[in-house]
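Colleague: Data: my_file02.pdb, PDB, C-alpha atoms, pLDDT in the B column.
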```pdb
ATOM      1  CA  MET A1448      22.334 -48.366 -39.922  1.00 58.00           C
ATOM      2  CA  SER A1449      19.095 -49.938 -38.821  1.00 73.00           C
ATOM      3  CA  ASN A1450      15.803 -48.110 -38.400  1.00 80.00           C
ATOM      4  CA  ALA A1451      16.058 -48.577 -34.641  1.00 76.00           C
ATOM      5  CA  SER A1452      19.506 -46.973 -34.457  1.00 77.00           C
ATOM      6  CA  GLU A1453      18.405 -44.113 -36.746  1.00 79.00           C
ATOM      7  CA  ARG A1454      15.373 -43.527 -34.580  1.00 74.00           C
ATOM      8  CA  LEU A1455      17.521 -43.547 -31.429  1.00 72.00           C
ATOM      9  CA  ALA A1456      19.989 -41.077 -32.981  1.00 70.00           C
ATOM     10  CA  SER A1457      17.111 -38.830 -34.036  1.00 72.00           C
ATOM     11  CA  GLU A1458      15.517 -38.945 -30.582  1.00 72.00           C
ATOM     12  CA  THR A1459      18.865 -38.123 -28.984  1.00 71.00           C
ATOM     13  CA  ARG A1460      19.349 -35.103 -31.278  1.00 71.00           C
ATOM     14  CA  ILE A1461      15.853 -33.852 -30.447  1.00 77.00           C
ATOM     15  CA  LYS A1462      16.479 -34.202 -26.691  1.00 68.00           C
ATOM     16  CA  VAL A1463      19.834 -32.406 -26.893  1.00 63.00           C
ATOM     17  CA  GLN A1464      18.258 -29.623 -28.930  1.00 70.00           C
ATOM     18  CA  ALA A1465      15.371 -29.302 -26.447  1.00 61.00           C
ATOM     19  CA  ARG A1466      17.779 -29.080 -23.476  1.00 65.00           C
ATOM     20  CA  SER A1467      19.786 -26.421 -25.288  1.00 60.00           C
ATOM     21  CA  GLU A1468      16.623 -24.405 -25.959  1.00 69.00           C
ATOM     22  CA  GLU A1469      15.549 -24.730 -22.304  1.00 67.00           C
ATOM     23  CA  ARG A1470      18.943 -23.401 -21.159  1.00 68.00           C
ATOM     24  CA  ARG A1471      18.734 -20.485 -23.583  1.00 71.00           C
ATOM     25  CA  GLU A1472      15.208 -19.654 -22.386  1.00 79.00           C
ATOM     26  CA  ALA A1473      16.271 -19.899 -18.728  1.00 83.00           C
ATOM     27  CA  HIS A1474      19.157 -17.489 -19.352  1.00 89.00           C
ATOM     28  CA  TYR A1475      16.729 -15.034 -20.975  1.00 90.00           C
ATOM     29  CA  HIS A1476      14.395 -15.111 -17.954  1.00 91.00           C
ATOM     30  CA  GLU A1477      17.295 -14.888 -15.501  1.00 95.00           C
ATOM     31  CA  ALA A1478      18.736 -11.841 -17.275  1.00 96.00           C
ATOM     32  CA  ARG A1479      15.382 -10.038 -17.292  1.00 95.00           C
ATOM     33  CA  VAL A1480      14.713 -10.778 -13.608  1.00 96.00           C
ATOM     34  CA  LEU A1481      18.279  -9.738 -12.698  1.00 97.00           C
ATOM     35  CA  LEU A1482      17.784  -6.383 -14.456  1.00 98.00           C
ATOM     36  CA  LEU A1483      14.500  -5.880 -12.641  1.00 97.00           C
ATOM     37  CA  ILE A1484      15.896  -6.696  -9.203  1.00 97.00           C
ATOM     38  CA  GLY A1485      18.968  -4.601  -9.959  1.00 97.00           C
ATOM     39  CA  ARG A1486      16.862  -1.558 -10.823  1.00 98.00           C
ATOM     40  CA  PHE A1487      14.887  -1.807  -7.583  1.00 97.00           C
ATOM     41  CA  THR A1488      17.891  -2.436  -5.315  1.00 96.00           C
ATOM     42  CA  THR A1489      19.108   0.645  -3.466  1.00 94.00           C
ATOM     43  CA  ALA A1490      21.646   1.088  -0.689  1.00 92.00           C
ATOM     44  CA  ARG A1491      18.872   0.599   1.880  1.00 93.00           C
ATOM     45  CA  THR A1492      16.289  -1.677   0.283  1.00 92.00           C
ATOM     46  CA  GLY A1493      15.687  -4.285  -2.343  1.00 95.00           C
ATOM     47  CA  LEU A1494      12.671  -5.414  -4.300  1.00 95.00           C
ATOM     48  CA  ALA A1495      10.123  -6.298  -1.632  1.00 94.00           C
ATOM     49  CA  GLY A1496       8.190  -9.490  -2.194  1.00 91.00           C
ATOM     50  CA  LEU A1497       7.467 -12.121  -4.791  1.00 89.00           C
ATOM     51  CA  THR A1498       4.105 -10.522  -5.627  1.00 88.00           C
ATOM     52  CA  LYS A1499       5.804  -7.235  -6.492  1.00 93.00           C
ATOM     53  CA  LEU A1500       8.426  -9.049  -8.550  1.00 93.00           C
ATOM     54  CA  ALA A1501       5.774 -11.045 -10.431  1.00 90.00           C
ATOM     55  CA  LYS A1502       3.593  -7.999 -11.170  1.00 91.00           C
ATOM     56  CA  LEU A1503       6.529  -5.857 -12.329  1.00 95.00           C
ATOM     57  CA  ASP A1504       7.809  -8.738 -14.439  1.00 92.00           C
ATOM     58  CA  PHE A1505       4.331  -9.123 -15.943  1.00 88.00           C
ATOM     59  CA  LEU A1506       4.409  -5.457 -17.017  1.00 92.00           C
ATOM     60  CA  LEU A1507       7.961  -5.826 -18.327  1.00 92.00           C
ATOM     61  CA  ARG A1508       7.159  -8.953 -20.348  1.00 88.00           C
ATOM     62  CA  TYR A1509       3.916  -7.550 -21.752  1.00 86.00           C
ATOM     63  CA  PRO A1510       4.645  -3.956 -22.811  1.00 89.00           C
ATOM     64  CA  ALA A1511       1.189  -3.618 -24.402  1.00 85.00           C
ATOM     65  CA  MET A1512      -0.303  -4.058 -20.906  1.00 86.00           C
ATOM     66  CA  LEU A1513       2.211  -1.599 -19.435  1.00 90.00           C
ATOM     67  CA  GLU A1514       1.266   0.890 -22.138  1.00 89.00           C
ATOM     68  CA  ARG A1515      -2.378   0.773 -21.084  1.00 87.00           C
ATOM     69  CA  LEU A1516      -1.432   1.584 -17.486  1.00 90.00           C
ATOM     70  CA  LEU A1517       0.878   4.387 -18.595  1.00 89.00           C
ATOM     71  CA  ASP A1518      -1.878   5.882 -20.763  1.00 81.00           C
ATOM     72  CA  GLU A1519      -4.309   5.864 -17.834  1.00 78.00           C
ATOM     73  CA  ASN A1520      -1.675   7.523 -15.614  1.00 73.00           C
ATOM     74  CA  GLY A1521      -1.215  10.255 -18.181  1.00 75.00           C
ATOM     75  CA  SER A1522       2.366   9.110 -18.568  1.00 80.00           C
ATOM     76  CA  GLY A1523       3.967   8.161 -21.819  1.00 83.00           C
ATOM     77  CA  TRP A1524       6.851   6.102 -23.031  1.00 88.00           C
ATOM     78  CA  PRO A1525      10.243   7.755 -23.169  1.00 86.00           C
ATOM     79  CA  ARG A1526      11.264   8.038 -26.812  1.00 87.00           C
ATOM     80  CA  GLY A1527      12.391   4.702 -28.231  1.00 87.00           C
ATOM     81  CA  THR A1528      11.018   2.523 -25.419  1.00 90.00           C
ATOM     82  CA  GLU A1529       7.429   2.079 -26.610  1.00 89.00           C
ATOM     83  CA  PRO A1530       6.331  -1.351 -27.839  1.00 88.00           C
ATOM     84  CA  THR A1531       6.985  -2.000 -31.493  1.00 83.00           C
ATOM     85  CA  ALA A1532       4.367  -3.417 -33.847  1.00 83.00           C
ATOM     86  CA  ALA A1533       6.284  -6.712 -33.775  1.00 79.00           C
ATOM     87  CA  GLU A1534       6.150  -6.793 -29.955  1.00 77.00           C
ATOM     88  CA  ARG A1535       2.415  -6.225 -30.010  1.00 76.00           C
ATOM     89  CA  ARG A1536       2.002  -9.280 -32.251  1.00 72.00           C
ATOM     90  CA  ALA A1537       4.693 -11.434 -30.616  1.00 66.00           C
ATOM     91  CA  VAL A1538       3.977 -14.516 -28.550  1.00 54.00           C
ATOM     92  CA  GLU A1539       5.099 -12.632 -25.429  1.00 50.00           C
ATOM     93  CA  SER A1540       2.253 -10.160 -26.035  1.00 45.00           C
ATOM     94  CA  ARG A1541      -0.316 -12.943 -25.800  1.00 46.00           C
ATOM     95  CA  MET A1542      -0.815 -14.109 -22.270  1.00 48.00           C
ATOM     96  CA  THR A1543      -2.377 -17.032 -20.496  1.00 49.00           C
ATOM     97  CA  ARG A1544      -4.159 -16.359 -17.196  1.00 50.00           C
ATOM     98  CA  TYR A1545      -2.640 -18.092 -14.166  1.00 52.00           C
ATOM     99  CA  LYS A1546      -3.247 -17.898 -10.453  1.00 52.00           C
ATOM    100  CA  TYR A1547      -0.340 -15.611  -9.510  1.00 50.00           C
ATOM    101  CA  GLY A1548       1.356 -14.730 -12.775  1.00 50.00           C
ATOM    102  CA  PRO A1549       2.138 -15.890 -16.279  1.00 48.00           C
ATOM    103  CA  TRP A1550       4.649 -18.493 -15.093  1.00 48.00           C
ATOM    104  CA  ASP A1551       4.184 -18.778 -11.331  1.00 59.00           C
ATOM    105  CA  GLN A1552       6.292 -21.846 -10.521  1.00 70.00           C
ATOM    106  CA  ARG A1553       9.291 -20.783 -12.636  1.00 77.00           C
ATOM    107  CA  TYR A1554      10.243 -17.886 -10.364  1.00 84.00           C
ATOM    108  CA  TYR A1555      11.640 -20.289  -7.791  1.00 86.00           C
ATOM    109  CA  SER A1556      14.135 -21.897 -10.149  1.00 89.00           C
ATOM    110  CA  ILE A1557      15.101 -18.567 -11.747  1.00 92.00           C
ATOM    111  CA  LEU A1558      15.662 -16.891  -8.369  1.00 93.00           C
ATOM    112  CA  GLY A1559      17.460 -19.963  -7.048  1.00 93.00           C
ATOM    113  CA  SER A1560      19.798 -19.976 -10.023  1.00 94.00           C
ATOM    114  CA  LEU A1561      20.583 -16.265  -9.623  1.00 97.00           C
ATOM    115  CA  ALA A1562      21.240 -16.724  -5.896  1.00 96.00           C
ATOM    116  CA  ALA A1563      23.390 -19.814  -6.455  1.00 96.00           C
ATOM    117  CA  ARG A1564      25.629 -17.801  -8.771  1.00 96.00           C
ATOM    118  CA  ASP A1565      25.885 -14.977  -6.192  1.00 97.00           C
ATOM    119  CA  LEU A1566      24.030 -12.494  -8.401  1.00 97.00           C
ATOM    120  CA  ILE A1567      21.194 -11.864  -5.930  1.00 97.00           C
ATOM    121  CA  THR A1568      20.387 -12.479  -2.301  1.00 96.00           C
ATOM    122  CA  TYR A1569      17.020 -12.810  -0.691  1.00 91.00           C
ATOM    123  CA  THR A1570      15.737 -12.789   2.829  1.00 88.00           C
ATOM    124  CA  GLY A1571      12.833 -14.827   4.075  1.00 77.00           C
ATOM    125  CA  GLY A1572      10.360 -14.112   6.825  1.00 71.00           C
ATOM    126  CA  ASP A1573       7.107 -12.225   6.548  1.00 72.00           C
ATOM    127  CA  GLN A1574       8.273 -10.287   3.501  1.00 80.00           C
ATOM    128  CA  THR A1575      10.870 -11.644   1.103  1.00 89.00           C
ATOM    129  CA  GLU A1576      13.265  -9.033  -0.209  1.00 94.00           C
ATOM    130  CA  PHE A1577      15.435  -9.519  -3.271  1.00 96.00           C
ATOM    131  CA  ARG A1578      18.695  -7.581  -3.761  1.00 97.00           C
ATOM    132  CA  VAL A1579      21.481  -7.713  -6.269  1.00 97.00           C
ATOM    133  CA  THR A1580      24.925  -8.480  -4.912  1.00 97.00           C
ATOM    134  CA  ALA A1581      27.977  -6.489  -5.998  1.00 97.00           C
ATOM    135  CA  ARG A1582      28.598  -9.179  -8.600  1.00 97.00           C
ATOM    136  CA  GLY A1583      24.946  -9.028  -9.695  1.00 97.00           C
ATOM    137  CA  ALA A1584      25.083  -5.238  -9.990  1.00 97.00           C
ATOM    138  CA  GLU A1585      28.130  -5.533 -12.254  1.00 97.00           C
ATOM    139  CA  ALA A1586      26.379  -8.168 -14.382  1.00 97.00           C
ATOM    140  CA  ALA A1587      23.202  -6.062 -14.600  1.00 97.00           C
ATOM    141  CA  ALA A1588      25.198  -2.962 -15.573  1.00 97.00           C
ATOM    142  CA  ALA A1589      27.064  -4.900 -18.264  1.00 97.00           C
ATOM    143  CA  LEU A1590      23.810  -6.416 -19.591  1.00 96.00           C
ATOM    144  CA  SER A1591      22.170  -2.969 -19.661  1.00 96.00           C
ATOM    145  CA  GLU A1592      24.778  -1.741 -22.103  1.00 96.00           C
ATOM    146  CA  THR A1593      24.334  -4.541 -24.637  1.00 96.00           C
ATOM    147  CA  PRO A1594      22.080  -3.981 -27.646  1.00 95.00           C
ATOM    148  CA  ASP A1595      19.942  -6.995 -26.738  1.00 93.00           C
ATOM    149  CA  TRP A1596      19.141  -5.703 -23.247  1.00 96.00           C
ATOM    150  CA  VAL A1597      19.267  -1.895 -23.384  1.00 96.00           C
ATOM    151  CA  LEU A1598      15.529  -1.604 -24.097  1.00 95.00           C
ATOM    152  CA  VAL A1599      14.621  -3.946 -21.234  1.00 95.00           C
ATOM    153  CA  SER A1600      16.860  -1.918 -18.937  1.00 97.00           C
ATOM    154  CA  GLN A1601      15.179   1.334 -20.033  1.00 96.00           C
ATOM    155  CA  ARG A1602      11.782  -0.205 -19.377  1.00 96.00           C
ATOM    156  CA  THR A1603      12.848  -1.276 -15.864  1.00 97.00           C
ATOM    157  CA  ALA A1604      13.681   2.403 -15.219  1.00 96.00           C
ATOM    158  CA  LEU A1605      10.176   3.309 -16.380  1.00 95.00           C
ATOM    159  CA  LEU A1606       8.701   0.729 -14.004  1.00 96.00           C
ATOM    160  CA  LYS A1607      10.791   2.095 -11.129  1.00 96.00           C
ATOM    161  CA  LYS A1608       9.651   5.653 -11.865  1.00 94.00           C
ATOM    162  CA  HIS A1609       5.911   4.982 -12.230  1.00 94.00           C
ATOM    163  CA  PHE A1610       5.192   1.669 -10.515  1.00 95.00           C
ATOM    164  CA  ASP A1611       7.408   1.438  -7.414  1.00 95.00           C
ATOM    165  CA  LYS A1612       4.470   0.361  -5.271  1.00 95.00           C
ATOM    166  CA  SER A1613       3.831  -2.570  -2.978  1.00 94.00           C
ATOM    167  CA  GLY A1614       2.984  -5.937  -4.465  1.00 92.00           C
ATOM    168  CA  SER A1615      -0.611  -5.605  -3.249  1.00 91.00           C
ATOM    169  CA  ALA A1616      -0.953  -2.126  -4.744  1.00 95.00           C
ATOM    170  CA  LEU A1617       0.394  -3.388  -8.086  1.00 94.00           C
ATOM    171  CA  LYS A1618      -1.941  -6.388  -7.988  1.00 89.00           C
ATOM    172  CA  ASN A1619      -4.920  -4.116  -7.276  1.00 92.00           C
ATOM    173  CA  LEU A1620      -3.881  -1.705 -10.037  1.00 92.00           C
ATOM    174  CA  ILE A1621      -3.650  -4.533 -12.564  1.00 89.00           C
ATOM    175  CA  TYR A1622      -6.985  -5.999 -11.450  1.00 87.00           C
ATOM    176  CA  GLU A1623      -8.715  -2.600 -11.621  1.00 90.00           C
ATOM    177  CA  ARG A1624      -7.229  -1.238 -14.830  1.00 89.00           C
ATOM    178  CA  LEU A1625      -6.636  -4.396 -16.837  1.00 84.00           C
ATOM    179  CA  PRO A1626      -9.822  -6.377 -16.131  1.00 80.00           C
ATOM    180  CA  ASP A1627      -9.575  -8.270 -19.423  1.00 73.00           C
ATOM    181  CA  ALA A1628      -6.244  -9.666 -18.222  1.00 67.00           C
ATOM    182  CA  VAL A1629      -7.691 -11.036 -14.986  1.00 65.00           C
ATOM    183  CA  ASP A1630     -11.425 -11.647 -15.466  1.00 62.00           C
ATOM    184  CA  ARG A1631     -10.956 -14.997 -17.158  1.00 57.00           C
ATOM    185  CA  PRO A1632     -10.691 -18.587 -16.048  1.00 57.00           C
ATOM    186  CA  TRP A1633      -7.179 -19.764 -15.276  1.00 55.00           C
ATOM    187  CA  ARG A1634      -5.159 -21.121 -18.193  1.00 54.00           C
ATOM    188  CA  THR A1635      -7.180 -19.293 -20.883  1.00 55.00           C
ATOM    189  CA  GLU A1636      -5.511 -17.025 -23.409  1.00 54.00           C
ATOM    190  CA  ILE A1637      -6.018 -13.289 -23.074  1.00 49.00           C
TER     191      ILE A1637
END
```
Take the structure in the file and give it back as structure tokens.
Modeller:
Amino acid sequence: MSNASERLASETRIKVQARSEERREAHYHEARVLLLIGRFTTARTGLAGLTKLAKLDFLLRYPAMLERLLDENGSGWPRGTEPTAAERRAVESRMTRYKYGPWDQRYYSILGSLAARDLITYTGGDQTEFRVTARGAEAAAALSETPDWVLVSQRTALLKKHFDKSGSALKNLIYERLPDAVDRPWRTEI
């Protein structure tokens, strides 16, 4: 084999591996967002607005930030749902400041993928509303019972109980109570 063919084979392996990792990461984000939308969908309403979704997802992804809001509310974590020491040190616990959320542009592809697979629906207009479909509710219920997702599901229940507010109210709460998370230039690490 020549150096050129070895290099081409190596580059191909790297690209295949990168695509596989991207798919795995996308599935992780889709599952988390599905659980969140599922928790906030009722017989009458869904999760109202992209801002609300982004702010709730921020609190779900960064449990150390959620903990600070819970402490200020005088609320605590239900037993077994608090962030672990590993979560506090994990990459997900570090955050980069963006305009609307930690990964603004990715919501569109995640939501589009969930809708394309008939797991959620959304309505447009003045206020977008996201709802799980019957199929999405079944998928969310099944995910909630798996060891990998039970904690995330429990935390979505905590968000529903304490933070079922409008997107603007959640944004204001985060800006007021977590100033170190928002008083920085965009794209700087918090």
Colleague: Could you tell me which residues the PyMOL selection byres ((chain A and resi 1583) around 10) returns for this structure, as a PyMOL selection string?
Modeller: chain A and resi 1481-1482+1484-1485+1561-1562+1564-1568+1578-1582+1584-1589
Colleague: Show me, as a ChimeraX atom specification, the residues that have an atom within 12 Å of A:Leu1517 when counting all atoms listed in the file, minus same-chain residues fewer than 3 positions from it.
Modeller: /A:1506,1510-1514,1520-1525,1529,1602,1605-1606,1608-1610,1620-1621,1624-1625
Colleague: For the residues selected in the previous step, produce a file with C-alpha atoms as an mmCIF file, keeping the file's coordinate frame.
Modeller:
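selection_33.cif, written as the output of this step:
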```
data_model
loop_
_atom_site.group_PDB
_atom_site.id
_atom_site.type_symbol
_atom_site.label_atom_id
_atom_site.label_comp_id
_atom_site.auth_asym_id
_atom_site.auth_seq_id
_atom_site.Cartn_x
_atom_site.Cartn_y
_atom_site.Cartn_z
ATOM 1 C CA LEU A 1506 4.409 -5.457 -17.017
ATOM 2 C CA PRO A 1510 4.645 -3.956 -22.811
ATOM 3 C CA ALA A 1511 1.189 -3.618 -24.402
ATOM 4 C CA MET A 1512 -0.303 -4.058 -20.906
ATOM 5 C CA LEU A 1513 2.211 -1.599 -19.435
ATOM 6 C CA GLU A 1514 1.266 0.890 -22.138
ATOM 7 C CA ASN A 1520 -1.675 7.523 -15.614
ATOM 8 C CA GLY A 1521 -1.215 10.255 -18.181
ATOM 9 C CA SER A 1522 2.366 9.110 -18.568
ATOM 10 C CA GLY A 1523 3.967 8.161 -21.819
ATOM 11 C CA TRP A 1524 6.851 6.102 -23.031
ATOM 12 C CA PRO A 1525 10.243 7.755 -23.169
ATOM 13 C CA GLU A 1529 7.429 2.079 -26.610
ATOM 14 C CA ARG A 1602 11.782 -0.205 -19.377
ATOM 15 C CA LEU A 1605 10.176 3.309 -16.380
ATOM 16 C CA LEU A 1606 8.701 0.729 -14.004
ATOM 17 C CA LYS A 1608 9.651 5.653 -11.865
ATOM 18 C CA HIS A 1609 5.911 4.982 -12.230
ATOM 19 C CA PHE A 1610 5.192 1.669 -10.515
ATOM 20 C CA LEU A 1620 -3.881 -1.705 -10.037
ATOM 21 C CA ILE A 1621 -3.650 -4.533 -12.564
ATOM 22 C CA ARG A 1624 -7.229 -1.238 -14.830
ATOM 23 C CA LEU A 1625 -6.636 -4.396 -16.837
#
```
Colleague: Work out how far atom CA of A:Ala1604 is from atom CA of A:Thr1498, in Å to one decimal.
Modeller: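 Atom CA of A:Ala1604 lies 18.7 Å from atom CA of A:Thr1498.
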Colleague: I'd like the residues picked by the PyMOL selection byres ((chain A and resi 1476) around 12) written out as a list in words, using the chain letters and numbers from the file.
Modeller: Glu1469, Arg1470, Arg1471, Glu1472, Ala1473, His1474, Tyr1475, Glu1477, Ala1478, Arg1479, Val1480, Leu1481, Leu1482, Leu1483, Asp1504, Phe1505, Leu1507, Arg1508, Trp1550, Arg1553, Tyr1554, Tyr1555, Ser1556, Ile1557, Leu1558, Ser1560, Leu1561, Trp1596 and Val1599 of chain A
Colleague: Report, in Å with one decimal, the straight-line distance from atom CA of A:Gly1527 to atom CA of A:Asp1595.
Modeller: 14.0 Å
Colleague: What is the distance, in Å and to one decimal place, between atom CA of A:Lys1499 and atom CA of A:Glu1592?
Modeller: 25.2 Å
Colleague: Rank A:Ala1490, A:Ala1456, A:Leu1516, A:Leu1500 by their smallest atom-to-atom distance to A:Pro1626, using only C-alpha atoms, and report the top residue only.
Modeller: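 Of all the options, A:Leu1516 lies closest to A:Pro1626.
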Colleague: Which residue gives the smallest distance to A:Thr1528 among A:Leu1503, A:Val1597, A:Leu1590, A:Thr1488, with only C-alpha atoms counted?
Modeller: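 Ranked by minimum distance to A:Thr1528, first place goes to A:Val1597.
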Colleague: Some atoms are missing, so please complete stretch 1472-1490 of chain A with N, CA and C atoms and return it as an mmCIF file, in the frame of the given file.
Modeller:
```
data_model
loop_
_atom_site.group_PDB
_atom_site.id
_atom_site.type_symbol
_atom_site.label_atom_id
_atom_site.label_comp_id
_atom_site.auth_asym_id
_atom_site.auth_seq_id
_atom_site.Cartn_x
_atom_site.Cartn_y
_atom_site.Cartn_z
ATOM 1 N N GLU A 1472 16.398 -20.318 -22.916
ATOM 2 C CA GLU A 1472 15.208 -19.654 -22.386
ATOM 3 C C GLU A 1472 15.415 -19.287 -20.914
ATOM 4 N N ALA A 1473 16.012 -20.182 -20.140
ATOM 5 C CA ALA A 1473 16.271 -19.899 -18.728
ATOM 6 C C ALA A 1473 17.202 -18.700 -18.580
ATOM 7 N N HIS A 1474 18.235 -18.630 -19.415
ATOM 8 C CA HIS A 1474 19.157 -17.489 -19.352
ATOM 9 C C HIS A 1474 18.439 -16.187 -19.674
ATOM 10 N N TYR A 1475 17.523 -16.219 -20.626
ATOM 11 C CA TYR A 1475 16.729 -15.034 -20.975
ATOM 12 C C TYR A 1475 15.923 -14.564 -19.768
ATOM 13 N N HIS A 1476 15.210 -15.473 -19.112
ATOM 14 C CA HIS A 1476 14.395 -15.111 -17.954
ATOM 15 C C HIS A 1476 15.271 -14.628 -16.795
ATOM 16 N N GLU A 1477 16.388 -15.288 -16.576
ATOM 17 C CA GLU A 1477 17.295 -14.888 -15.501
ATOM 18 C C GLU A 1477 17.834 -13.480 -15.740
ATOM 19 N N ALA A 1478 18.203 -13.175 -16.963
ATOM 20 C CA ALA A 1478 18.736 -11.841 -17.275
ATOM 21 C C ALA A 1478 17.676 -10.772 -17.027
ATOM 22 N N ARG A 1479 16.466 -11.009 -17.478
ATOM 23 C CA ARG A 1479 15.382 -10.038 -17.292
ATOM 24 C C ARG A 1479 15.090 -9.818 -15.808
ATOM 25 N N VAL A 1480 14.997 -10.890 -15.040
ATOM 26 C CA VAL A 1480 14.713 -10.778 -13.608
ATOM 27 C C VAL A 1480 15.879 -10.103 -12.887
ATOM 28 N N LEU A 1481 17.109 -10.402 -13.290
ATOM 29 C CA LEU A 1481 18.279 -9.738 -12.698
ATOM 30 C C LEU A 1481 18.223 -8.227 -12.946
ATOM 31 N N LEU A 1482 17.895 -7.813 -14.161
ATOM 32 C CA LEU A 1482 17.784 -6.383 -14.456
ATOM 33 C C LEU A 1482 16.700 -5.726 -13.612
ATOM 34 N N LEU A 1483 15.606 -6.411 -13.432
ATOM 35 C CA LEU A 1483 14.500 -5.880 -12.641
ATOM 36 C C LEU A 1483 14.896 -5.727 -11.171
ATOM 37 N N ILE A 1484 15.470 -6.766 -10.602
ATOM 38 C CA ILE A 1484 15.896 -6.696 -9.203
ATOM 39 C C ILE A 1484 16.994 -5.645 -9.048
ATOM 40 N N GLY A 1485 17.905 -5.596 -10.007
ATOM 41 C CA GLY A 1485 18.968 -4.601 -9.959
ATOM 42 C C GLY A 1485 18.444 -3.184 -9.948
ATOM 43 N N ARG A 1486 17.434 -2.912 -10.749
ATOM 44 C CA ARG A 1486 16.862 -1.558 -10.823
ATOM 45 C C ARG A 1486 16.200 -1.153 -9.507
ATOM 46 N N PHE A 1487 15.614 -2.118 -8.810
ATOM 47 C CA PHE A 1487 14.887 -1.807 -7.583
ATOM 48 C C PHE A 1487 15.737 -1.944 -6.319
ATOM 49 N N THR A 1488 16.996 -2.350 -6.470
ATOM 50 C CA THR A 1488 17.891 -2.436 -5.315
ATOM 51 C C THR A 1488 18.542 -1.082 -5.093
ATOM 52 N N THR A 1489 18.433 -0.594 -3.856
ATOM 53 C CA THR A 1489 19.108 0.645 -3.466
ATOM 54 C C THR A 1489 20.052 0.316 -2.321
ATOM 55 N N ALA A 1490 20.733 1.311 -1.811
ATOM 56 C CA ALA A 1490 21.646 1.088 -0.689
ATOM 57 C C ALA A 1490 20.897 0.583 0.544
#
```
